[in-house]
Each structure stands twice: as structure tokens, then as C-alpha cells.
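Novice: One file is attached below, final27.pdb, containing PDB, C-alpha atoms.
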```
ATOM      1  CA  MET A 219       0.000   0.000   0.000
ATOM      2  CA  VAL A 220       1.430   3.396  -1.049
ATOM      3  CA  ALA A 221       1.174   5.786   1.907
ATOM      4  CA  VAL A 222       0.132   8.950   0.124
ATOM      5  CA  GLU A 223      -3.255  10.606   0.108
ATOM      6  CA  LYS A 224      -4.785  11.878  -3.103
ATOM      7  CA  SER A 225      -6.280  14.922  -1.379
ATOM      8  CA  PHE A 226      -2.887  15.928   0.038
ATOM      9  CA  VAL A 227      -1.177  15.700  -3.350
ATOM     10  CA  GLN A 228      -3.919  17.647  -5.053
ATOM     11  CA  ASN A 229      -3.904  20.427  -2.453
ATOM     12  CA  MET A 230      -0.372  20.514  -1.059
ATOM     13  CA  PHE A 231       0.632  23.691  -2.932
ATOM     14  CA  SER A 232      -2.519  25.573  -1.987
ATOM     15  CA  VAL A 233      -2.532  28.717   0.162
ATOM     16  CA  GLU A 234      -6.181  29.436  -0.536
ATOM     17  CA  GLY A 235      -7.953  31.011   2.418
ATOM     18  CA  LYS A 236      -4.717  31.669   4.303
ATOM     19  CA  VAL A 237      -3.761  35.121   5.567
ATOM     20  CA  ALA A 238      -0.417  36.246   4.160
ATOM     21  CA  LEU A 239       1.377  39.227   5.690
ATOM     22  CA  VAL A 240       3.943  40.710   3.293
ATOM     23  CA  THR A 241       6.525  43.266   4.403
ATOM     24  CA  GLY A 242       8.208  45.510   1.850
ATOM     25  CA  ALA A 243       5.098  45.191  -0.278
ATOM     26  CA  THR A 244       5.855  48.335  -2.286
ATOM     27  CA  GLY A 245       9.202  46.960  -3.486
ATOM     28  CA  ALA A 246       9.811  45.205  -6.793
ATOM     29  CA  LEU A 247       9.714  41.730  -5.254
ATOM     30  CA  GLY A 248       7.309  42.405  -2.392
ATOM     31  CA  CYS A 249       4.509  43.650  -4.625
ATOM     32  CA  VAL A 250       4.888  40.664  -6.966
ATOM     33  CA  LEU A 251       4.780  38.144  -4.111
ATOM     34  CA  ALA A 252       1.836  39.969  -2.515
ATOM     35  CA  LYS A 253      -0.127  39.755  -5.744
ATOM     36  CA  ALA A 254       0.902  36.129  -6.251
ATOM     37  CA  TYR A 255      -0.471  35.196  -2.835
ATOM     38  CA  GLY A 256      -3.672  36.993  -3.774
ATOM     39  CA  TYR A 257      -3.942  35.207  -7.113
ATOM     40  CA  ALA A 258      -3.439  31.930  -5.230
ATOM     41  CA  GLY A 259      -6.460  32.686  -3.070
ATOM     42  CA  ALA A 260      -4.844  34.061   0.072
ATOM     43  CA  LYS A 261      -5.978  37.166   1.921
ATOM     44  CA  VAL A 262      -3.101  39.611   1.695
ATOM     45  CA  TYR A 263      -2.035  42.171   4.270
ATOM     46  CA  MET A 264       0.648  44.453   2.845
ATOM     47  CA  THR A 265       3.026  46.591   4.860
ATOM     48  CA  GLY A 266       5.540  49.282   4.043
ATOM     49  CA  ARG A 267       6.308  52.910   4.810
ATOM     50  CA  ASN A 268       4.837  54.605   1.726
ATOM     51  CA  GLU A 269       1.092  54.921   2.182
ATOM     52  CA  ALA A 270       0.461  56.325  -1.293
ATOM     53  CA  LYS A 271       2.079  53.280  -2.913
ATOM     54  CA  LEU A 272       0.279  50.876  -0.582
ATOM     55  CA  GLN A 273      -3.052  52.530  -1.325
ATOM     56  CA  ALA A 274      -2.420  52.246  -5.063
ATOM     57  CA  LEU A 275      -1.496  48.559  -4.721
ATOM     58  CA  MET A 276      -4.609  47.840  -2.683
ATOM     59  CA  GLU A 277      -6.818  49.475  -5.301
ATOM     60  CA  GLU A 278      -5.070  47.552  -8.089
ATOM     61  CA  PHE A 279      -5.377  44.240  -6.256
ATOM     62  CA  LYS A 280      -9.006  44.746  -5.273
ATOM     63  CA  ALA A 281      -9.864  45.550  -8.895
ATOM     64  CA  GLU A 282      -8.693  41.999  -9.666
ATOM     65  CA  GLY A 283     -10.753  40.450  -6.906
ATOM     66  CA  ILE A 284      -7.962  40.045  -4.346
ATOM     67  CA  ASP A 285      -8.985  40.371  -0.705
ATOM     68  CA  CYS A 286      -6.334  42.709   0.705
ATOM     69  CA  ALA A 287      -5.525  45.462   3.163
ATOM     70  CA  TYR A 288      -2.459  47.400   4.216
ATOM     71  CA  GLY A 289      -0.747  48.927   7.230
ATOM     72  CA  ILE A 290       2.072  51.424   7.620
ATOM     73  CA  ALA A 291       5.072  50.209   9.621
ATOM     74  CA  ASP A 292       8.829  50.470   9.844
ATOM     75  CA  PRO A 293       9.815  46.801  10.312
ATOM     76  CA  ALA A 294      12.675  47.710  12.651
ATOM     77  CA  VAL A 295      10.429  49.552  15.134
ATOM     78  CA  GLU A 296       8.759  47.282  17.674
ATOM     79  CA  GLU A 297       5.752  49.466  18.428
ATOM     80  CA  GLN A 298       4.908  49.888  14.745
ATOM     81  CA  VAL A 299       5.289  46.168  14.005
ATOM     82  CA  ASP A 300       3.127  45.237  16.994
ATOM     83  CA  ALA A 301       0.415  47.674  15.874
ATOM     84  CA  MET A 302       0.595  46.443  12.286
ATOM     85  CA  ILE A 303       0.136  42.792  13.299
ATOM     86  CA  LYS A 304      -2.771  43.691  15.576
ATOM     87  CA  ASP A 305      -4.386  45.563  12.679
ATOM     88  CA  CYS A 306      -3.943  42.538  10.393
ATOM     89  CA  VAL A 307      -5.545  40.273  13.006
ATOM     90  CA  ALA A 308      -8.374  42.747  13.542
ATOM     91  CA  LYS A 309      -9.115  42.648   9.808
ATOM     92  CA  TYR A 310      -8.557  38.954   9.050
ATOM     93  CA  GLY A 311      -8.547  37.145  12.393
ATOM     94  CA  GLU A 312      -5.093  35.598  12.122
ATOM     95  CA  VAL A 313      -1.743  35.419  10.347
ATOM     96  CA  ASN A 314      -0.786  32.152   8.621
ATOM     97  CA  ILE A 315       2.042  33.198   6.307
ATOM     98  CA  LEU A 316       4.758  35.797   6.728
ATOM     99  CA  ALA A 317       6.818  36.904   3.731
ATOM    100  CA  VAL A 318       9.660  39.244   4.692
ATOM    101  CA  CYS A 319      10.512  41.161   1.514
ATOM    102  CA  HIS A 320      11.850  44.508   2.719
ATOM    103  CA  GLY A 321      15.499  45.527   2.519
ATOM    104  CA  TYR A 322      17.998  48.319   2.154
ATOM    105  CA  ASN A 323      21.588  48.825   1.059
ATOM    106  CA  LYS A 324      24.023  51.694   0.718
ATOM    107  CA  PRO A 325      27.289  50.246  -0.630
ATOM    108  CA  ALA A 326      30.539  51.852   0.510
ATOM    109  CA  ASN A 327      34.130  50.898   1.155
ATOM    110  CA  VAL A 328      34.672  50.340   4.867
ATOM    111  CA  LEU A 329      37.111  53.266   4.932
ATOM    112  CA  GLU A 330      34.424  55.665   3.691
ATOM    113  CA  GLN A 331      31.358  54.102   5.295
ATOM    114  CA  THR A 332      30.139  55.716   8.490
ATOM    115  CA  VAL A 333      29.141  53.656  11.487
ATOM    116  CA  ALA A 334      25.695  55.266  11.266
ATOM    117  CA  ASP A 335      25.272  54.080   7.658
ATOM    118  CA  TRP A 336      26.384  50.562   8.620
ATOM    119  CA  GLU A 337      23.927  50.510  11.510
ATOM    120  CA  LYS A 338      21.095  51.647   9.217
ATOM    121  CA  ILE A 339      21.754  48.689   6.920
ATOM    122  CA  MET A 340      21.881  46.308   9.877
ATOM    123  CA  ASP A 341      18.655  47.723  11.308
ATOM    124  CA  ALA A 342      16.873  47.472   7.955
ATOM    125  CA  ASP A 343      18.094  44.013   6.933
ATOM    126  CA  CYS A 344      18.814  42.161  10.179
ATOM    127  CA  LYS A 345      17.273  43.729  13.273
ATOM    128  CA  SER A 346      14.003  44.206  11.403
ATOM    129  CA  VAL A 347      13.869  40.488  10.530
ATOM    130  CA  TYR A 348      14.172  39.677  14.224
ATOM    131  CA  VAL A 349      11.458  42.148  15.205
ATOM    132  CA  VAL A 350       8.951  41.086  12.553
ATOM    133  CA  THR A 351       9.479  37.335  12.964
ATOM    134  CA  LYS A 352       9.350  37.615  16.757
ATOM    135  CA  TYR A 353       6.014  39.425  16.814
ATOM    136  CA  VAL A 354       4.473  37.278  14.088
ATOM    137  CA  ALA A 355       5.707  34.143  15.890
ATOM    138  CA  GLU A 356       3.982  35.306  19.067
ATOM    139  CA  GLN A 357       0.741  35.726  17.128
ATOM    140  CA  MET A 358       1.070  32.325  15.418
ATOM    141  CA  VAL A 359       1.770  30.604  18.738
ATOM    142  CA  LYS A 360      -1.310  32.282  20.208
ATOM    143  CA  GLN A 361      -3.385  30.937  17.311
ATOM    144  CA  GLY A 362      -2.096  27.396  17.880
ATOM    145  CA  LYS A 363      -2.247  26.426  14.195
ATOM    146  CA  GLY A 364       1.405  26.655  13.151
ATOM    147  CA  GLY A 365       2.434  28.784  10.195
ATOM    148  CA  LYS A 366       4.996  29.525   7.514
ATOM    149  CA  MET A 367       7.662  32.214   7.411
ATOM    150  CA  VAL A 368       9.617  33.041   4.264
ATOM    151  CA  VAL A 369      12.473  35.507   4.735
ATOM    152  CA  VAL A 370      13.954  36.916   1.536
ATOM    153  CA  THR A 371      17.721  37.230   1.949
ATOM    154  CA  SER A 372      20.498  37.070  -0.623
ATOM    155  CA  GLN A 373      23.328  34.954  -1.957
ATOM    156  CA  ARG A 374      25.472  37.773  -0.574
ATOM    157  CA  SER A 375      24.890  36.082   2.770
ATOM    158  CA  LYS A 376      27.352  33.441   1.546
ATOM    159  CA  ARG A 377      30.011  35.538  -0.196
ATOM    160  CA  GLY A 378      31.737  38.799   0.616
ATOM    161  CA  MET A 379      31.974  41.720  -1.779
ATOM    162  CA  ALA A 380      33.820  45.017  -1.832
ATOM    163  CA  GLY A 381      31.694  47.780  -0.374
ATOM    164  CA  TYR A 382      29.239  45.332   1.180
ATOM    165  CA  THR A 383      30.397  45.091   4.805
ATOM    166  CA  GLY A 384      26.901  46.116   5.862
ATOM    167  CA  TYR A 385      24.772  44.191   3.384
ATOM    168  CA  CYS A 386      26.661  40.880   3.428
ATOM    169  CA  THR A 387      26.847  40.945   7.212
ATOM    170  CA  SER A 388      23.149  41.713   7.595
ATOM    171  CA  LYS A 389      22.045  39.014   5.157
ATOM    172  CA  GLY A 390      24.408  36.469   6.697
ATOM    173  CA  GLY A 391      22.925  37.320  10.084
ATOM    174  CA  ALA A 392      19.398  36.950   8.728
ATOM    175  CA  ASP A 393      20.162  33.500   7.319
ATOM    176  CA  LEU A 394      21.633  32.336  10.628
ATOM    177  CA  MET A 395      18.631  33.839  12.382
ATOM    178  CA  VAL A 396      16.357  31.709  10.200
ATOM    179  CA  ASN A 397      18.316  28.609  11.272
ATOM    180  CA  CYS A 398      17.815  29.555  14.939
ATOM    181  CA  LEU A 399      14.158  30.502  14.552
ATOM    182  CA  ALA A 400      13.471  27.059  13.112
ATOM    183  CA  CYS A 401      15.043  25.495  16.204
ATOM    184  CA  ASP A 402      12.846  27.656  18.446
ATOM    185  CA  LEU A 403       9.575  27.412  16.564
ATOM    186  CA  THR A 404       9.113  24.368  14.357
ATOM    187  CA  ALA A 405       9.045  21.230  16.512
ATOM    188  CA  LYS A 406       7.167  22.814  19.401
ATOM    189  CA  TYR A 407       4.823  25.177  17.566
ATOM    190  CA  GLY A 408       4.615  23.938  13.961
ATOM    191  CA  ILE A 409       5.994  27.163  12.496
ATOM    192  CA  ASN A 410       8.323  26.527   9.559
ATOM    193  CA  VAL A 411      10.926  29.233   8.954
ATOM    194  CA  ASN A 412      13.051  29.362   5.793
ATOM    195  CA  SER A 413      14.948  31.962   3.820
ATOM    196  CA  LEU A 414      14.869  32.494   0.079
ATOM    197  CA  CYS A 415      18.414  33.392  -0.991
ATOM    198  CA  ARG A 416      18.138  35.287  -4.245
ATOM    199  CA  THR A 417      20.446  37.225  -6.500
ATOM    200  CA  VAL A 418      19.756  40.665  -7.928
ATOM    201  CA  CYS A 419      16.414  40.969  -9.707
ATOM    202  CA  ARG A 420      14.944  43.629 -11.930
ATOM    203  CA  SER A 421      13.708  46.737 -10.122
ATOM    204  CA  GLU A 422      13.829  50.496 -10.552
ATOM    205  CA  LEU A 423      17.105  50.634  -8.610
ATOM    206  CA  ALA A 424      18.690  47.666 -10.376
ATOM    207  CA  GLU A 425      17.494  48.324 -13.946
ATOM    208  CA  TRP A 426      20.914  49.684 -14.951
ATOM    209  CA  MET A 427      22.464  46.272 -14.268
ATOM    210  CA  PHE A 428      20.376  44.637 -16.978
ATOM    211  CA  ASP A 429      22.284  46.222 -19.884
ATOM    212  CA  ARG A 430      23.838  43.052 -21.311
ATOM    213  CA  GLY A 431      26.602  45.117 -22.884
ATOM    214  CA  SER A 432      27.784  46.569 -19.577
ATOM    215  CA  ALA A 433      30.767  45.244 -17.641
ATOM    216  CA  VAL A 434      28.610  44.751 -14.537
ATOM    217  CA  CYS A 435      26.032  42.661 -16.385
ATOM    218  CA  LYS A 436      28.715  40.578 -18.096
ATOM    219  CA  SER A 437      30.349  39.940 -14.742
ATOM    220  CA  PHE A 438      27.071  38.716 -13.261
ATOM    221  CA  LEU A 439      26.245  36.548 -16.264
ATOM    222  CA  ALA A 440      29.666  34.900 -16.028
ATOM    223  CA  ARG A 441      28.511  33.564 -12.650
ATOM    224  CA  GLU A 442      24.945  32.682 -13.651
ATOM    225  CA  PRO A 443      24.673  29.210 -15.237
ATOM    226  CA  ILE A 444      21.045  29.981 -16.010
ATOM    227  CA  GLY A 445      22.265  32.599 -18.487
ATOM    228  CA  ARG A 446      20.294  35.655 -17.414
ATOM    229  CA  LEU A 447      19.543  37.901 -14.480
ATOM    230  CA  ALA A 448      16.388  37.387 -12.427
ATOM    231  CA  GLU A 449      12.935  38.845 -12.773
ATOM    232  CA  PRO A 450      10.690  39.176  -9.683
ATOM    233  CA  ASN A 451       8.422  36.459 -11.118
ATOM    234  CA  ASP A 452      11.285  33.968 -10.818
ATOM    235  CA  PHE A 453      10.809  33.831  -7.042
ATOM    236  CA  VAL A 454       7.035  33.375  -6.948
ATOM    237  CA  GLY A 455       7.053  29.573  -7.205
ATOM    238  CA  TYR A 456       9.626  29.117  -4.467
ATOM    239  CA  ALA A 457       7.818  31.513  -2.131
ATOM    240  CA  LEU A 458       4.462  29.789  -2.652
ATOM    241  CA  PHE A 459       6.109  26.387  -2.150
ATOM    242  CA  LEU A 460       7.672  27.489   1.150
ATOM    243  CA  SER A 461       4.297  28.919   2.224
ATOM    244  CA  SER A 462       2.303  25.758   1.517
ATOM    245  CA  ASP A 463       1.953  22.240   2.919
ATOM    246  CA  ALA A 464       4.296  21.013   0.185
ATOM    247  CA  SER A 465       7.201  22.290   2.309
ATOM    248  CA  ASN A 466       6.046  20.880   5.652
ATOM    249  CA  PHE A 467       9.322  18.965   6.156
ATOM    250  CA  ILE A 468      11.535  21.931   5.295
ATOM    251  CA  THR A 469      12.592  24.341   8.002
ATOM    252  CA  GLY A 470      15.707  26.306   8.897
ATOM    253  CA  ALA A 471      16.792  26.140   5.255
ATOM    254  CA  ASN A 472      18.625  28.900   3.392
ATOM    255  CA  CYS A 473      17.095  28.068   0.021
ATOM    256  CA  ASP A 474      19.162  28.812  -3.080
ATOM    257  CA  CYS A 475      17.081  30.607  -5.682
ATOM    258  CA  SER A 476      19.867  32.249  -7.625
ATOM    259  CA  GLY A 477      20.105  30.673 -11.057
ATOM    260  CA  GLY A 478      23.136  28.699  -9.894
ATOM    261  CA  TYR A 479      25.143  31.705  -8.714
ATOM    262  CA  LEU A 480      27.223  29.763  -6.185
ATOM    263  CA  VAL A 481      28.136  26.823  -8.405
ATOM    264  CA  VAL A 482      30.598  28.730 -10.626
TER     265      VAL A 482
END
```
Go ahead and render the structure in this file as C-alpha cells.

Specialist:
Amino acid sequence: MVAVEKSFVQNMFSVEGKVALVTGATGALGCVLAKAYGYAGAKVYMTGRNEAKLQALMEEFKAEGIDCAYGIADPAVEEQVDAMIKDCVAKYGEVNILAVCHGYNKPANVLEQTVADWEKIMDADCKSVYVVTKYVAEQMVKQGKGGKMVVVTSQRSKRGMAGYTGYCTSKGGADLMVNCLACDLTAKYGINVNSLCRTVCRSELAEWMFDRGSAVCKSFLAREPIGRLAEPNDFVGYALFLSSDASNFITGANCDCSGGYLVV
């Protein structure tokens, strides 16, 4: 007898009816993942610091039949994160999925970088992950139904780079944090925590890197066996997988979603 249930196989990738909280929802990747959760049938609560952009996204999503709402919050500020989660729960009753998509970088050689600039990167990319996951974990534990957390990090968590003493350190810290969060939360509370380690993807800030004739683009492509740079859509499948029952036996993983960046 084969021990697999037809209903599980047919529904294991579903997030329909779940409540997905997405941070950094106004960013190039955050808005795509937020909409993807909505298309997949989840209720989407979007957060960020730009209310005009969040309002526009909500109107766009609702026009396509997506059940969504938004809240303003700086993910590194405890009081704002706490209020944002309470607002999400007031609107939808619970939080089942957390997608951490926010981030910040200001590259500089260590000799020119100020301590204040380094701390801002660490607050935005590392401290904020701790704050958001901590408060969402508390809510998920209170619910008693488990949950899924997907933290978007970077392959720069695995390799150093000139001018990236802040960014690489923060992303490396976030990946190790994910490992620890899994130890704290999965066995006892059924909360799976994984990171999605991506490379650069197309956005307003990164558009200049997509000129295939430029030295920067050629350098990246030399390390990308997949033969191109990433689009935000390239991360949708992995994020939905890590948010669904299909990934129930995966936790504490720093998941490579980089087009093979580390194999060269």
C-alpha cells in the first residue's frame, strides 16, 4: 500500500484562504509576491512605509478580486510592528504566512562608510527580521495552528563583496537567524521558517544592471549558469512552495534561488 493521500497531493501547494502578511510590499519583489499570494487565493495584508504606494497597490489588487488590506510600519520599530500585526488580526482574524521582503543597502568601502550608515543597513536588513518574525511568531503561537515564514535574503549572505560590509553581514545574520528561529519554533509550535536566498532581480534601482553590454552585467552573467539575471516572477514559485503544505518537512533552510550563482 502506497502511503500517500490523493487529497494531500492535489492540495499541497494551496494557500487558498490563508492570511499572508507581506513586508516591503511596495518593493519590486514584495509587490509581486503579494499579488501572487492573492492570485493563489490568500488574503493579503501588505506593509511598508509609503502609504500612497500601498493605497495604489490595494486598489489595483481589489480591482482583480484580491482580498487585501495594508498597514504602515517600519519593520525595525517594535511598536509599529506590533500595531501592524494587531491591525492585520483585527481585519482577518489571524496570520498564517509571513513573507519578509523589505530591505535596504548603501554600498561603501569600509574606509568611507560611516558607522551610522552601517547601523542603518543592519537595522533594515537584520534587526528588522528579528522584530517582525518575533512578533508574528507570538501571534502564530497564540493561534495554535502553526504557520509559515519566508524571509527573503540574498546569496550575498554566503560571499563577501567590496563595499558590502553592511549588506553581506546583515544578510548572513538573517540566514543564521532563520536557522535559529526554526530550532525555536518548528518542533514545538509547527511554524516553519526558511529563507529564500536570491540574487539581484529587476527593479527600478537595479534596472541599470540589466544592460547586457555593460561590464557589470557581463560579470554577473559569467557567474549565472542559467544565463540571465532574475525577474521578480522567478521567485514566486519558491515563495508559494515554502508557504504551503508542500514544504512541511523543510525548516531552517537557506534556500538557493539564484540561477546557480554559487556553483561557478

Novice: Looking at A:Asn229, A:Lys436, A:His320, A:Met358, which one is nearest to Lys304 in chain A, with distances taken over only C-alpha atoms?

Specialist: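 For Lys304 in chain A, the nearest of the given residues is A:Met358.
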
Novice: Determine the nearest neighbour of Met367 in chain A from the options A:Cys398, A:Ile409, A:Val307, A:Val313, counting all atoms listed in the file.

Specialist: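 Counting all atoms listed in the file, the residue closest to Met367 in chain A is A:Ile409.
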
Novice: Please expand the PyMOL selection byres ((chain A and resi 319) around 8) into the concrete residues it hits in this file, giving the result as a PDB file with C-alpha atoms, in the coordinates of the input.

Specialist:
```pdb
ATOM      1  CA  VAL A 240       3.943  40.710   3.293  1.00  0.00           C
ATOM      2  CA  THR A 241       6.525  43.266   4.403  1.00  0.00           C
ATOM      3  CA  GLY A 242       8.208  45.510   1.850  1.00  0.00           C
ATOM      4  CA  ALA A 243       5.098  45.191  -0.278  1.00  0.00           C
ATOM      5  CA  GLY A 245       9.202  46.960  -3.486  1.00  0.00           C
ATOM      6  CA  LEU A 247       9.714  41.730  -5.254  1.00  0.00           C
ATOM      7  CA  GLY A 248       7.309  42.405  -2.392  1.00  0.00           C
ATOM      8  CA  ALA A 317       6.818  36.904   3.731  1.00  0.00           C
ATOM      9  CA  VAL A 318       9.660  39.244   4.692  1.00  0.00           C
ATOM     10  CA  HIS A 320      11.850  44.508   2.719  1.00  0.00           C
ATOM     11  CA  GLY A 321      15.499  45.527   2.519  1.00  0.00           C
ATOM     12  CA  VAL A 369      12.473  35.507   4.735  1.00  0.00           C
ATOM     13  CA  VAL A 370      13.954  36.916   1.536  1.00  0.00           C
TER      14      VAL A 370
END
```

Novice: Residues within 12 Å of (14.0, 42.5, 13.1), file coordinates, counting all atoms listed in the file: what are they? Give the list as a ChimeraX atom specification.

Specialist: /A:241,292-296,298-300,318,320-321,339-354,369,388-389,391-392,395-396

Novice: Can you tell me, as a PyMOL selection string, what residues are no more than 12 Å from range 278-286 of chain A when counting all atoms listed in the file, ignoring any on the same chain fewer than 2 positions away?

Specialist: chain A and resi 234-240+243+249-250+252-265+271-276+288-289+306+309-310

Novice: Take the residues just selected and output them with C-alpha atoms as a CSV table (one decimal), keeping the file's coordinate frame.

Specialist:
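Output file selection_24.csv follows:
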```csv
chain,number,residue,atom,x,y,z
A,234,GLU,CA,-6.2,29.4,-0.5
A,235,GLY,CA,-8.0,31.0,2.4
A,236,LYS,CA,-4.7,31.7,4.3
A,237,VAL,CA,-3.8,35.1,5.6
A,238,ALA,CA,-0.4,36.2,4.2
A,239,LEU,CA,1.4,39.2,5.7
A,240,VAL,CA,3.9,40.7,3.3
A,243,ALA,CA,5.1,45.2,-0.3
A,249,CYS,CA,4.5,43.6,-4.6
A,250,VAL,CA,4.9,40.7,-7.0
A,252,ALA,CA,1.8,40.0,-2.5
A,253,LYS,CA,-0.1,39.8,-5.7
A,254,ALA,CA,0.9,36.1,-6.3
A,255,TYR,CA,-0.5,35.2,-2.8
A,256,GLY,CA,-3.7,37.0,-3.8
A,257,TYR,CA,-3.9,35.2,-7.1
A,258,ALA,CA,-3.4,31.9,-5.2
A,259,GLY,CA,-6.5,32.7,-3.1
A,260,ALA,CA,-4.8,34.1,0.1
A,261,LYS,CA,-6.0,37.2,1.9
A,262,VAL,CA,-3.1,39.6,1.7
A,263,TYR,CA,-2.0,42.2,4.3
A,264,MET,CA,0.6,44.5,2.8
A,265,THR,CA,3.0,46.6,4.9
A,271,LYS,CA,2.1,53.3,-2.9
A,272,LEU,CA,0.3,50.9,-0.6
A,273,GLN,CA,-3.1,52.5,-1.3
A,274,ALA,CA,-2.4,52.2,-5.1
A,275,LEU,CA,-1.5,48.6,-4.7
A,276,MET,CA,-4.6,47.8,-2.7
A,288,TYR,CA,-2.5,47.4,4.2
A,289,GLY,CA,-0.7,48.9,7.2
A,306,CYS,CA,-3.9,42.5,10.4
A,309,LYS,CA,-9.1,42.6,9.8
A,310,TYR,CA,-8.6,39.0,9.0
```

Novice: Enclose all atoms of range 236-252 of chain A listed in the file in an axis-aligned box, grow every side by 6 Å, and hand back centre and edge lengths in Å to one decimal, as AutoDock Vina command-line options.

Specialist:
```
--center_x 2.5 --center_y 40.0 --center_z -0.6 --size_x 26.5 --size_y 28.7 --size_z 24.7
```

Novice: Could you tell me which residues the PyMOL selection byres ((chain A and resi 385) around 9) grabs in this file, written as a PyMOL selection string?

Specialist: chain A and resi 322-325+336+339-340+343+374-375+381-384+386-390

Novice: Nearest to Asn451 in chain A among A:Val411, A:Cys475, A:Asp429, A:Phe226, with distances taken over only C-alpha atoms: which residue is it?

Specialist: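 Among the listed residues, A:Cys475 lies closest to Asn451 in chain A.
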
Novice: Can you tell me how far CA of Arg420 in chain A sits from CA of Thr244 in chain A, in Å to one decimal?

Specialist: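 Rounded to one decimal, the two atoms are 14.1 Å apart.
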
Novice: Please measure the separation of CA of Thr404 in chain A and CA of Gly362 in chain A, giving the value in Å to one decimal.

Specialist: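 That distance, rounded to one decimal, is 12.1 Å.
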
Novice: Can you pull out every residue within 8 Å of Gly364 in chain A, counting all atoms listed in the file, but drop anything in the same chain fewer than 3 positions away, and send it as a list in words?

Specialist: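 Neighbouring residues, sequence-local ones excluded: Asn314, Met358, Val359, Gln361, Tyr407, Gly408, Ile409 and Asn410 of chain A.
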
Novice: Please produce an output containing C-alpha atoms for each residue in the selection, written as an mmCIF file, keeping the file's coordinate frame.

Specialist:
```
data_model
loop_
_atom_site.group_PDB
_atom_site.id
_atom_site.type_symbol
_atom_site.label_atom_id
_atom_site.label_comp_id
_atom_site.auth_asym_id
_atom_site.auth_seq_id
_atom_site.Cartn_x
_atom_site.Cartn_y
_atom_site.Cartn_z
ATOM 1 C CA ASN A 314 -0.786 32.152 8.621
ATOM 2 C CA MET A 358 1.070 32.325 15.418
ATOM 3 C CA VAL A 359 1.770 30.604 18.738
ATOM 4 C CA GLN A 361 -3.385 30.937 17.311
ATOM 5 C CA TYR A 407 4.823 25.177 17.566
ATOM 6 C CA GLY A 408 4.615 23.938 13.961
ATOM 7 C CA ILE A 409 5.994 27.163 12.496
ATOM 8 C CA ASN A 410 8.323 26.527 9.559
#
```

Novice: Could you list the residues chosen by the PyMOL selection byres ((chain A and resi 456) around 12) in this structure as a PyMOL selection string?

Specialist: chain A and resi 231+251+254-255+317+368-370+412-416+450-455+457-462+464-465+472-476

Novice: Looking at A:Gln373, A:Ser421, A:Cys435, A:Ala400, which one is nearest to Gly478 in chain A, with distances taken over all atoms listed in the file?

Specialist: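 Between A:Gln373, A:Ser421, A:Cys435, A:Ala400, the residue approaching Gly478 in chain A most closely is A:Gln373.
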
Novice: Here is a test: counting all atoms listed in the file, which residue of A:Gly365, A:Leu329, A:Ile290, A:Lys338 is nearest to Glu312 in chain A?

Specialist: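 Closest residue, counting all atoms listed in the file: A:Gly365.
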